[in-house]
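Pasted below: query_13.csv, CSV, C-alpha atoms and all ligand atoms.
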```csv
chain,number,residue,atom,x,y,z
A,1,MET,CA,4.3,-21.5,-0.1
A,2,SER,CA,3.5,-20.5,3.5
A,3,ILE,CA,5.9,-17.9,4.8
A,4,THR,CA,6.9,-16.3,8.1
A,5,PHE,CA,7.2,-12.5,7.9
A,6,CYS,CA,8.2,-10.6,11.1
A,7,GLY,CA,6.7,-13.4,13.2
A,8,LEU,CA,3.5,-13.6,11.2
A,9,GLU,CA,2.5,-16.9,9.6
A,10,LEU,CA,1.2,-16.1,6.1
A,11,VAL,CA,-0.3,-18.7,3.7
A,12,HIS,CA,1.4,-17.2,0.7
A,13,PRO,CA,3.7,-14.2,-0.1
A,14,ILE,CA,1.0,-11.9,-1.8
A,15,ILE,CA,-0.5,-9.1,0.2
A,16,ASN,CA,-2.3,-5.9,-1.0
A,17,ALA,CA,-0.7,-2.5,-1.5
A,18,SER,CA,-2.2,0.1,0.9
A,19,GLY,CA,-5.1,2.1,-0.5
A,20,THR,CA,-5.9,-0.2,-3.5
A,21,PHE,CA,-8.3,-2.7,-2.0
A,22,ASP,CA,-11.2,-1.5,0.1
A,23,ALA,CA,-12.0,-4.7,2.1
A,24,ILE,CA,-15.1,-3.1,3.6
A,25,ALA,CA,-16.6,-2.3,0.2
A,26,ALA,CA,-15.5,-5.7,-1.1
A,27,ARG,CA,-17.3,-7.4,1.8
A,28,ARG,CA,-20.5,-5.5,0.9
A,29,ALA,CA,-20.1,-6.5,-2.8
A,30,PHE,CA,-19.0,-10.1,-2.4
A,31,GLY,CA,-20.5,-11.0,1.0
A,32,ASP,CA,-19.0,-13.9,3.0
A,33,GLN,CA,-17.2,-15.3,-0.1
A,34,LEU,CA,-14.7,-12.5,0.5
A,35,LEU,CA,-13.9,-14.2,3.9
A,36,GLU,CA,-13.8,-17.7,2.4
A,37,ARG,CA,-11.6,-16.7,-0.6
A,38,PHE,CA,-9.7,-13.7,0.7
A,39,PRO,CA,-7.2,-12.9,-2.1
A,40,PHE,CA,-4.3,-11.7,0.1
A,41,SER,CA,-2.3,-13.4,2.9
A,42,ALA,CA,-2.4,-10.3,5.1
A,43,PHE,CA,-4.5,-7.1,4.7
A,44,VAL,CA,-2.9,-3.6,4.7
A,45,SER,CA,-5.3,-0.8,5.4
A,46,LYS,CA,-5.3,2.5,3.5
A,47,THR,CA,-3.4,5.3,5.2
A,48,VAL,CA,-4.9,6.5,8.5
A,49,THR,CA,-4.1,10.0,9.7
A,50,VAL,CA,-4.8,11.6,13.1
A,51,SER,CA,-7.4,14.0,11.8
A,52,PRO,CA,-10.1,13.1,9.2
A,53,ARG,CA,-9.2,14.2,5.6
A,54,GLN,CA,-11.4,14.9,2.7
A,55,GLY,CA,-8.7,14.2,0.2
A,56,ASN,CA,-7.8,16.3,-2.9
A,57,PRO,CA,-10.3,18.1,-5.1
A,58,PRO,CA,-11.3,16.2,-8.3
A,59,PRO,CA,-10.3,15.1,-10.8
A,60,ARG,CA,-8.3,12.5,-8.9
A,61,LEU,CA,-7.4,10.0,-11.6
A,62,TRP,CA,-5.6,10.1,-14.9
A,63,GLU,CA,-5.2,6.9,-17.0
A,64,LEU,CA,-1.8,6.3,-18.4
A,65,PRO,CA,-0.9,4.1,-21.4
A,66,ALA,CA,0.5,1.6,-18.9
A,67,GLY,CA,-1.0,2.4,-15.5
A,68,LEU,CA,-2.7,5.1,-13.5
A,69,MET,CA,-1.9,8.4,-11.9
A,70,ASN,CA,-3.8,9.3,-8.8
A,71,SER,CA,-4.1,12.4,-6.6
A,72,ILE,CA,-6.6,10.9,-4.2
A,73,GLY,CA,-5.0,12.7,-1.3
A,74,LEU,CA,-5.5,10.1,1.4
A,75,PRO,CA,-9.1,10.7,2.4
A,76,ASN,CA,-9.9,8.9,5.6
A,77,LYS,CA,-12.0,9.1,8.8
A,78,GLY,CA,-9.1,9.9,11.0
A,79,LEU,CA,-7.9,7.9,14.0
A,80,ASP,CA,-11.0,8.0,16.1
A,81,GLY,CA,-13.3,7.3,13.1
A,82,TYR,CA,-11.0,4.4,12.0
A,83,LEU,CA,-11.0,2.9,15.5
A,84,ALA,CA,-14.8,3.2,15.8
A,85,HIS,CA,-15.9,2.2,12.3
A,86,ASP,CA,-13.2,0.5,10.3
A,87,LEU,CA,-11.2,-1.5,12.7
A,88,PRO,CA,-14.1,-3.7,14.0
A,89,GLN,CA,-14.9,-4.6,10.4
A,90,LEU,CA,-11.4,-5.2,9.3
A,91,ALA,CA,-10.7,-7.4,12.4
A,92,GLN,CA,-13.2,-9.9,10.9
A,93,LEU,CA,-10.9,-10.6,7.9
A,94,PRO,CA,-9.4,-14.1,8.0
A,95,VAL,CA,-5.8,-12.8,7.7
A,96,PRO,CA,-3.5,-10.6,9.8
A,97,LEU,CA,-4.2,-6.9,9.7
A,98,ILE,CA,-1.4,-4.4,9.0
A,99,VAL,CA,-2.5,-0.8,9.6
A,100,ASN,CA,-0.8,1.9,7.4
A,101,VAL,CA,-0.4,5.3,9.2
A,102,MET,CA,0.9,8.7,8.3
A,103,GLY,CA,1.6,11.8,10.4
A,104,PHE,CA,2.6,15.4,9.5
A,105,SER,CA,5.0,15.5,12.4
A,106,ARG,CA,6.8,12.9,14.6
A,107,ASP,CA,4.3,13.6,17.4
A,108,GLU,CA,1.4,12.7,15.1
A,109,VAL,CA,3.1,9.5,14.0
A,110,ALA,CA,3.8,8.7,17.7
A,111,GLN,CA,0.1,9.3,18.5
A,112,LEU,CA,-1.0,6.8,15.8
A,113,VAL,CA,1.6,4.2,16.8
A,114,SER,CA,0.6,4.4,20.5
A,115,ALA,CA,-3.1,4.1,19.7
A,116,PHE,CA,-2.6,0.9,17.5
A,117,ALA,CA,0.1,-0.5,19.9
A,118,GLU,CA,-2.6,-1.5,22.3
A,119,ARG,CA,-5.0,-3.0,19.8
A,120,PRO,CA,-4.8,-6.8,19.7
A,121,GLU,CA,-6.6,-6.8,16.3
A,122,VAL,CA,-3.5,-5.1,14.7
A,123,ALA,CA,-0.7,-7.4,13.8
A,124,ALA,CA,1.8,-4.8,12.4
A,125,LEU,CA,2.1,-1.2,11.4
A,126,GLU,CA,3.2,0.3,8.1
A,127,LEU,CA,4.6,3.9,8.3
A,128,ASN,CA,3.9,5.9,5.2
A,129,VAL,CA,6.7,8.4,5.2
A,130,SER,CA,5.9,10.0,1.8
A,131,CYS,CA,4.6,13.2,3.3
A,132,PRO,CA,6.2,16.5,4.3
A,133,ASN,CA,7.1,17.0,8.0
A,134,VAL,CA,5.3,20.4,8.7
A,135,GLU,CA,8.1,21.2,11.2
A,136,THR,CA,10.9,20.9,8.7
A,137,GLY,CA,9.2,21.1,5.3
A,138,THR,CA,11.1,18.0,4.0
A,139,VAL,CA,9.4,14.8,3.0
A,140,MET,CA,10.2,12.5,5.9
A,141,GLY,CA,11.0,9.5,3.7
A,142,ALA,CA,13.4,11.4,1.4
A,143,ASP,CA,15.9,12.1,4.1
A,144,PRO,CA,17.7,9.3,6.0
A,145,SER,CA,18.2,11.4,9.1
A,146,GLU,CA,14.5,12.3,9.3
A,147,VAL,CA,13.6,8.6,9.0
A,148,ALA,CA,16.1,7.8,11.8
A,149,ARG,CA,14.7,10.5,14.1
A,150,LEU,CA,11.1,9.2,13.4
A,151,LEU,CA,12.0,5.6,14.2
A,152,ASP,CA,13.9,6.7,17.3
A,153,ALA,CA,10.7,8.4,18.5
A,154,VAL,CA,8.2,5.6,17.7
A,155,ARG,CA,10.2,2.3,18.0
A,156,PRO,CA,10.0,2.3,21.8
A,157,LEU,CA,6.2,2.7,21.7
A,158,THR,CA,5.3,-0.8,20.4
A,159,ASP,CA,6.6,-4.3,20.2
A,160,LYS,CA,4.6,-4.8,17.0
A,161,PRO,CA,6.5,-5.1,13.7
A,162,LEU,CA,7.1,-1.6,12.2
A,163,ILE,CA,7.3,-1.6,8.4
A,164,VAL,CA,8.7,1.6,6.8
A,165,LYS,CA,7.1,2.3,3.4
A,166,LEU,CA,9.8,4.0,1.4
A,167,THR,CA,9.1,6.7,-1.2
A,168,PRO,CA,10.8,6.3,-4.7
A,169,ASN,CA,11.0,10.1,-4.8
A,170,ALA,CA,14.2,10.2,-2.9
A,171,SER,CA,17.8,10.6,-4.2
A,172,ASP,CA,19.2,7.7,-2.3
A,173,VAL,CA,16.5,5.1,-1.4
A,174,PRO,CA,18.9,2.5,0.0
A,175,ALA,CA,20.4,5.1,2.4
A,176,VAL,CA,16.9,5.8,3.7
A,177,ALA,CA,16.3,2.0,4.1
A,178,ARG,CA,19.6,1.6,6.0
A,179,ALA,CA,18.7,4.5,8.3
A,180,ALA,CA,15.3,2.8,9.0
A,181,GLU,CA,17.0,-0.5,9.7
A,182,ARG,CA,19.6,1.0,12.1
A,183,SER,CA,16.8,2.7,14.1
A,184,GLY,CA,14.8,-0.5,14.6
A,185,ALA,CA,12.5,-0.9,11.6
A,186,SER,CA,11.3,-4.5,11.3
A,187,ALA,CA,10.9,-4.4,7.5
A,188,VAL,CA,10.7,-1.9,4.6
A,189,SER,CA,8.2,-1.8,1.8
A,190,LEU,CA,8.6,-0.1,-1.6
A,191,ILE,CA,7.7,1.4,-3.9
A,192,ASN,CA,5.1,4.0,-3.2
A,193,THR,CA,3.8,5.9,-6.2
A,194,ILE,CA,6.2,8.0,-8.4
A,195,ARG,CA,5.4,11.7,-8.7
A,196,GLY,CA,4.0,12.6,-12.1
A,197,MET,CA,1.8,15.2,-13.9
A,198,ALA,CA,-0.8,15.4,-16.7
A,199,LEU,CA,-2.1,18.5,-18.5
A,200,ASP,CA,-5.6,19.1,-19.5
A,201,PRO,CA,-5.5,18.7,-23.3
A,202,GLN,CA,-8.0,21.7,-23.7
A,203,THR,CA,-6.6,24.2,-21.2
A,204,GLY,CA,-3.0,23.1,-20.8
A,205,GLU,CA,-3.5,23.4,-17.1
A,206,PRO,CA,-2.7,20.5,-14.6
A,207,TRP,CA,-5.4,18.0,-15.0
A,208,LEU,CA,-5.4,16.6,-11.5
A,209,GLY,CA,-7.0,18.5,-8.6
A,210,GLY,CA,-3.8,18.0,-6.6
A,211,GLN,CA,-1.7,19.3,-9.6
A,212,THR,CA,0.6,16.3,-9.4
A,213,GLY,CA,-0.2,12.7,-8.9
A,214,GLY,CA,1.4,9.3,-8.1
A,215,VAL,CA,2.2,7.0,-11.0
A,216,SER,CA,1.4,3.3,-10.3
A,217,GLY,CA,0.8,0.1,-12.3
A,218,PRO,CA,2.9,-1.4,-15.1
A,219,ALA,CA,4.5,2.0,-15.8
A,220,ALA,CA,6.2,1.7,-12.4
A,221,ARG,CA,7.3,-1.9,-12.6
A,222,ALA,CA,10.9,-1.5,-13.9
A,223,ILE,CA,11.6,1.3,-11.4
A,224,ALA,CA,10.2,-0.9,-8.6
A,225,LEU,CA,12.4,-3.8,-9.6
A,226,ALA,CA,15.5,-1.7,-9.6
A,227,GLN,CA,14.7,0.0,-6.3
A,228,VAL,CA,13.8,-3.3,-4.6
A,229,HIS,CA,17.0,-4.9,-5.9
A,230,SER,CA,19.2,-2.0,-4.5
A,231,VAL,CA,17.3,-1.8,-1.2
A,232,ALA,CA,17.4,-5.6,-0.6
A,233,ALA,CA,21.2,-5.5,-1.2
A,234,ALA,CA,21.5,-2.7,1.4
A,235,VAL,CA,19.6,-4.1,4.4
A,236,SER,CA,19.2,-7.4,6.2
A,237,ILE,CA,15.6,-6.8,7.3
A,238,PRO,CA,12.8,-8.2,5.1
A,239,VAL,CA,11.6,-6.2,2.1
A,240,ILE,CA,8.1,-6.0,0.7
A,241,GLY,CA,8.2,-5.3,-3.0
A,242,MET,CA,5.5,-3.7,-5.0
A,243,GLY,CA,5.0,-1.6,-8.2
A,244,GLY,CA,3.1,-2.7,-11.3
A,245,VAL,CA,2.7,-6.4,-10.3
A,246,GLN,CA,0.1,-8.0,-12.6
A,247,SER,CA,1.2,-11.7,-12.8
A,248,GLY,CA,3.1,-14.4,-11.1
A,249,ARG,CA,6.1,-13.6,-13.3
A,250,ASP,CA,6.1,-10.0,-12.1
A,251,ALA,CA,5.9,-11.2,-8.4
A,252,ALA,CA,8.6,-13.8,-9.0
A,253,ASP,CA,10.9,-11.1,-10.4
A,254,LEU,CA,10.5,-8.9,-7.3
A,255,SER,CA,11.1,-11.9,-5.1
A,256,ARG,CA,14.3,-12.7,-7.1
A,257,ALA,CA,15.3,-9.1,-6.6
A,258,GLY,CA,15.1,-9.7,-2.9
A,259,ALA,CA,11.5,-9.2,-1.8
A,260,THR,CA,10.2,-11.6,1.0
A,261,LEU,CA,6.6,-10.5,0.3
A,262,VAL,CA,5.0,-8.9,-2.8
A,263,ALA,CA,2.1,-6.5,-2.7
A,264,VAL,CA,-0.4,-6.0,-5.5
A,265,GLY,CA,-1.9,-2.6,-6.0
A,266,THR,CA,-3.4,-1.1,-9.2
A,267,GLU,CA,-4.1,-4.5,-10.6
A,268,SER,CA,-6.7,-5.2,-8.0
A,269,PHE,CA,-8.9,-2.4,-9.5
A,270,ARG,CA,-9.1,-4.4,-12.7
A,271,ASP,CA,-9.4,-7.8,-11.0
A,272,PRO,CA,-10.3,-8.0,-7.3
A,273,SER,CA,-9.2,-11.6,-7.2
A,274,ALA,CA,-5.7,-10.7,-8.6
A,275,GLY,CA,-4.0,-11.4,-5.3
A,276,ALA,CA,-5.1,-15.1,-5.3
A,277,ARG,CA,-4.4,-15.5,-9.0
A,278,ILE,CA,-0.9,-14.1,-8.7
A,279,ALA,CA,-0.2,-16.4,-5.7
A,280,SER,CA,-1.4,-19.4,-7.7
A,281,GLU,CA,0.7,-18.3,-10.7
A,282,MET,CA,3.8,-18.1,-8.4
A,283,ARG,CA,3.1,-21.6,-7.1
A,284,LEU,CA,2.7,-23.0,-10.6
A,285,ARG,CA,6.0,-21.4,-11.6
A,286,SER,CA,7.7,-23.2,-8.7
A,287,GLY,CA,6.1,-26.5,-9.7
A,288,GLU,CA,3.5,-26.6,-6.8
A,289,GLN,CA,-0.3,-27.0,-6.9
A,290,PRO,CA,-2.2,-23.7,-7.4
A,291,TYR,CA,-3.3,-21.9,-4.2
A,292,SER,CA,-6.9,-22.9,-3.3
A,293,GLY,CA,-8.2,-19.4,-2.9
A,294,GLY,CA,-10.4,-19.1,-6.1
A,295,ARG,CA,-12.1,-16.3,-7.8
A,296,LEU,CA,-14.6,-13.9,-6.3
A,297,THR,CA,-17.8,-13.9,-8.3
A,298,GLY,CA,-19.7,-10.7,-8.8
A,299,SER,CA,-18.4,-7.2,-9.2
A,300,LEU,CA,-17.1,-4.3,-7.0
A,301,ASN,CA,-18.6,-2.0,-9.6
A,302,PRO,CA,-22.2,-3.1,-10.2
A,303,PRO,CA,-23.7,-1.7,-13.5
A,304,GLN,CA,-25.2,1.8,-13.1
A,305,SER,CA,-29.0,2.1,-13.5
A,306,THR,CA,-29.8,3.5,-16.9
A,307,GLU,CA,-32.0,6.0,-15.2
A,308,THR,CA,-29.0,7.6,-13.4
A,309,PRO,CA,-27.2,10.0,-15.7
A,310,CYS,CA,-23.5,9.0,-15.8
A,311,LYS,CA,-21.2,12.0,-15.5
A,312,THR,CA,-17.7,11.5,-16.8
A,313,SER,CA,-14.8,13.7,-15.8
A,314,GLN,CA,-13.6,14.3,-19.4
B,1,LIG,C1,-5.5,4.7,-5.9
B,1,LIG,C2,-4.3,4.5,-5.0
B,1,LIG,C3,-4.4,4.8,-3.7
B,1,LIG,C4,-3.3,4.6,-2.9
B,1,LIG,N1,-3.3,4.8,-1.5
B,1,LIG,C5,-2.3,4.6,-0.8
B,1,LIG,C6,-2.4,4.8,0.6
B,1,LIG,O1,-3.4,5.2,1.2
B,1,LIG,N2,-1.2,4.7,1.4
B,1,LIG,C7,0.0,4.2,0.8
B,1,LIG,O2,0.9,4.0,1.6
B,1,LIG,N3,0.0,4.0,-0.5
B,1,LIG,C8,-1.0,4.2,-1.3
B,1,LIG,N4,-0.9,3.9,-2.6
B,1,LIG,C9,0.3,3.4,-3.2
B,1,LIG,C10,0.2,1.8,-3.3
B,1,LIG,O3,0.1,1.2,-2.0
B,1,LIG,C11,1.5,1.3,-4.0
B,1,LIG,O4,2.6,1.6,-3.3
B,1,LIG,C12,1.7,1.8,-5.4
B,1,LIG,O5,0.5,2.0,-6.1
B,1,LIG,C13,2.6,0.8,-6.3
B,1,LIG,O6,2.0,-0.4,-6.5
B,1,LIG,P1,1.1,-0.8,-7.8
B,1,LIG,O7,1.8,-0.3,-9.0
B,1,LIG,O8,0.9,-2.3,-7.7
B,1,LIG,O9,-0.2,0.0,-7.6
B,1,LIG,C14,-2.1,4.1,-3.5
B,1,LIG,C15,-2.0,3.8,-4.8
B,1,LIG,C16,-3.1,4.0,-5.6
B,1,LIG,C17,-3.1,3.6,-7.1
```
Here is a file; write its structure as structure tokens.
Amino acid sequence: MSITFCGLELVHPIINASGTFDAIAARRAFGDQLLERFPFSAFVSKTVTVSPRQGNPPPRLWELPAGLMNSIGLPNKGLDGYLAHDLPQLAQLPVPLIVNVMGFSRDEVAQLVSAFAERPEVAALELNVSCPNVETGTVMGADPSEVARLLDAVRPLTDKPLIVKLTPNASDVPAVARAAERSGASAVSLINTIRGMALDPQTGEPWLGGQTGGVSGPAARAIALAQVHSVAAAVSIPVIGMGGVQSGRDAADLSRAGATLVAVGTESFRDPSAGARIASEMRLRSGEQPYSGGRLTGSLNPPQSTETPCKTSQ
């Protein structure tokens, strides 16, 4: 089941979706067993921006009948904080590290790509293009010509693989994927979350602090499958498929639709070992022995002390 992806040798085709598995918190919770039984064959960091971000005001999560809606707002320590605090810890993981970056202008993305280009700990970069370009007001990833201009600016800055993470909130996602490929992207990944909204049942006002949020989990699966299928038919570069994957069957469906790798996101909140389980389920489906990763024992969410009052958002 080992697989070569953009020159990286991976032990199986299951990686994590950016922002859905905090490997530093997991190392604290699970100790060295996280390194011995790491659930993914590569680790994708949450999005890093040039400046630190607090993220959106609460509430940040809304549970859906089949998934989750979040308006976390990409909180992160910024480039300098990431290089100083997160990168040294993530470099200890036993798998290649893919750093996900996002900028509010081409110059910002170029600054991020240049900074990581010279770091040997970083195997590849994923460009999150789901944000507005402050210079033009359009979401970079919704417009093929914006994506082409972005790649033209950053492709010369590094020899590392550049993965463009496509947004599903675009009218012609395959056209955006083709523009990325023509301008030198090494791979594309999709889908990012789908824009959604929930209203507070009491006030009728938007529930989420960010007003709208991103839908993920099983609710997104059929949309992901259709978009991966159409993008894989439109490009020759590898495709990373994600959106609502919970089982080996879901992952096999995305790979049948044309994905080389499959990323697991929301499911890891429910089961931190989901990556290894899904890789094993895929192997069993193809008649091979299960992957020897195994389950992580313990919990990412230790029980609260009964002395601490537990505030809920509802
Ligand atoms: C809580 C949460 C945080 C996320 N953070 C990021 C992020 O930092 N960068 C990014 O590119 N995608 C982010 N995503 C999107 C996921 O990487 C993924 O594209 C999406 O959730 C679909 O996969 P899933 O249905 O398996 O979760 C986030 C998703 C969730 C649910």
For Ser247 in chain A: contacts at 9 Å, only C-alpha atoms, fewer than 4 positions along chain excluded, given as a PyMOL selection string: chain A and resi 251-252+274+277-279+281-282
Please build the interface table for range 7-95 of chain A against range 154-175 of chain A with a cut-off of 12 Å, listing for each qualifying residue the nearest atom pair and the distance in Å to one decimal; count all atoms listed in the file, order rows by chain and increasing number, and write it as JSON lines.
```
{"residue": "A:Gly7", "atom": "CA", "partner": "A:Pro161", "partner_atom": "CA", "distance": 8.3}
{"residue": "A:Leu8", "atom": "CA", "partner": "A:Pro161", "partner_atom": "CA", "distance": 9.4}
{"residue": "A:Ala17", "atom": "CA", "partner": "A:Lys165", "partner_atom": "CA", "distance": 10.4}
{"residue": "A:Ser18", "atom": "CA", "partner": "A:Lys165", "partner_atom": "CA", "distance": 9.9}
{"residue": "A:Val44", "atom": "CA", "partner": "A:Ile163", "partner_atom": "CA", "distance": 11.0}
{"residue": "A:Thr47", "atom": "CA", "partner": "A:Lys165", "partner_atom": "CA", "distance": 11.1}
```
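Remark: residues at most 9 Å from position (-3.6, 17.7, -7.8) in file coordinates are A:Asn56, A:Pro57, A:Pro58, A:Pro59, A:Arg60, A:Asn70, A:Ser71, A:Ile72, A:Gly73, A:Met197, A:Pro206, A:Trp207, A:Leu208, A:Gly209, A:Gly210, A:Gln211, A:Thr212, A:Gly213, using all atoms listed in the file.
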Which residues form the shell of 6 Å around ligand LIG 1 (chain B) when you count all atoms listed in the file, given as a VMD selection string? chain A and resid 17 to 20 46 to 47 70 74 128 191 to 193 216 to 217 220 242 to 245 264 to 266
Neighbouring residues of Arg28 in chain A were defined as those with any atom within 12 Å, considering only C-alpha atoms; residues of the same chain fewer than 4 positions away were excluded. Please report them as number ranges by chain. A: 22-24, 32-35, 89, 298-302
Extract, using only C-alpha atoms, all DNA, RNA and protein residues at most 8 Å from Pro272 in chain A, discarding same-chain residues fewer than 4 positions from it, and format them as a short mmCIF file (atom, residue, chain, number, x, y, z; two decimals) with C-alpha atoms, in the coordinates of the input.
```
data_model
loop_
_atom_site.label_atom_id
_atom_site.label_comp_id
_atom_site.auth_asym_id
_atom_site.auth_seq_id
_atom_site.Cartn_x
_atom_site.Cartn_y
_atom_site.Cartn_z
CA PHE A 21 -8.30 -2.70 -2.00
CA PRO A 39 -7.20 -12.90 -2.10
CA GLU A 267 -4.10 -4.50 -10.60
CA SER A 268 -6.70 -5.20 -8.00
CA LEU A 296 -14.60 -13.90 -6.30
CA LEU A 300 -17.10 -4.30 -7.00
#
```
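CA of Pro75 in chain A lies 19.9 Å from CA of Arg27 in chain A.
Straight-line separation from CA of Glu36 in chain A to CA of Ala117 in chain A: 28.2 Å.
Look at His12 in chain A: the protein and nucleic acid residues within 7 Å of it, using all atoms listed in the file and passing over chain neighbours fewer than 3 places away, are Met1, Ser2, Ile3, Ser41 and Ala279 of chain A.
Between CA of Val262 in chain A and CA of Ile237 in chain A the interatomic distance comes to 14.8 Å.
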Using the atoms already present, construct N, CA and C atoms for range 149-172 of chain A and hand them back as a short mmCIF file (atom, residue, chain, number, x, y, z; two decimals), in the frame of the given file.
```cif
data_model
loop_
_atom_site.label_atom_id
_atom_site.label_comp_id
_atom_site.auth_asym_id
_atom_site.auth_seq_id
_atom_site.Cartn_x
_atom_site.Cartn_y
_atom_site.Cartn_z
N ARG A 149 15.26 9.76 12.93
CA ARG A 149 14.70 10.50 14.10
C ARG A 149 13.22 9.98 14.33
N LEU A 150 12.51 9.72 13.23
CA LEU A 150 11.10 9.20 13.40
C LEU A 150 11.13 7.85 14.08
N LEU A 151 11.98 6.95 13.60
CA LEU A 151 12.00 5.60 14.20
C LEU A 151 12.49 5.67 15.65
N ASP A 152 13.46 6.54 15.93
CA ASP A 152 13.90 6.70 17.30
C ASP A 152 12.76 7.07 18.22
N ALA A 153 11.85 7.89 17.68
CA ALA A 153 10.70 8.40 18.50
C ALA A 153 9.64 7.29 18.65
N VAL A 154 9.39 6.49 17.61
CA VAL A 154 8.20 5.60 17.70
C VAL A 154 8.56 4.13 17.99
N ARG A 155 9.81 3.74 17.74
CA ARG A 155 10.20 2.30 18.00
C ARG A 155 9.89 1.90 19.43
N PRO A 156 10.23 2.77 20.43
CA PRO A 156 10.00 2.30 21.80
C PRO A 156 8.50 2.22 22.18
N LEU A 157 7.60 2.67 21.30
CA LEU A 157 6.20 2.70 21.70
C LEU A 157 5.43 1.42 21.45
N THR A 158 6.03 0.48 20.74
CA THR A 158 5.30 -0.80 20.40
C THR A 158 6.29 -1.92 20.19
N ASP A 159 5.82 -3.13 20.54
CA ASP A 159 6.60 -4.30 20.20
C ASP A 159 6.14 -4.88 18.84
N LYS A 160 5.08 -4.31 18.28
CA LYS A 160 4.60 -4.80 17.00
C LYS A 160 5.58 -4.53 15.89
N PRO A 161 5.61 -5.36 14.84
CA PRO A 161 6.50 -5.10 13.70
C PRO A 161 6.18 -3.70 13.11
N LEU A 162 7.23 -2.93 12.83
CA LEU A 162 7.10 -1.60 12.20
C LEU A 162 7.71 -1.72 10.78
N ILE A 163 6.87 -1.53 9.78
CA ILE A 163 7.30 -1.60 8.40
C ILE A 163 7.42 -0.15 7.88
N VAL A 164 8.56 0.25 7.35
CA VAL A 164 8.70 1.60 6.80
C VAL A 164 8.45 1.56 5.31
N LYS A 165 7.39 2.28 4.85
CA LYS A 165 7.10 2.30 3.40
C LYS A 165 7.86 3.43 2.76
N LEU A 166 8.84 3.07 1.96
CA LEU A 166 9.80 4.00 1.40
C LEU A 166 9.16 4.72 0.17
N THR A 167 9.56 5.97 -0.02
CA THR A 167 9.10 6.70 -1.20
C THR A 167 10.20 6.53 -2.32
N PRO A 168 9.76 6.35 -3.57
CA PRO A 168 10.80 6.30 -4.70
C PRO A 168 11.26 7.68 -5.03
N ASN A 169 10.59 8.73 -4.49
CA ASN A 169 11.00 10.10 -4.80
C ASN A 169 12.04 10.61 -3.88
N ALA A 170 13.12 9.86 -3.79
CA ALA A 170 14.20 10.20 -2.90
C ALA A 170 15.51 9.98 -3.70
N SER A 171 16.57 10.75 -3.38
CA SER A 171 17.80 10.60 -4.20
C SER A 171 18.54 9.35 -3.89
N ASP A 172 18.47 8.86 -2.65
CA ASP A 172 19.20 7.70 -2.30
C ASP A 172 18.32 6.75 -1.44
#
```
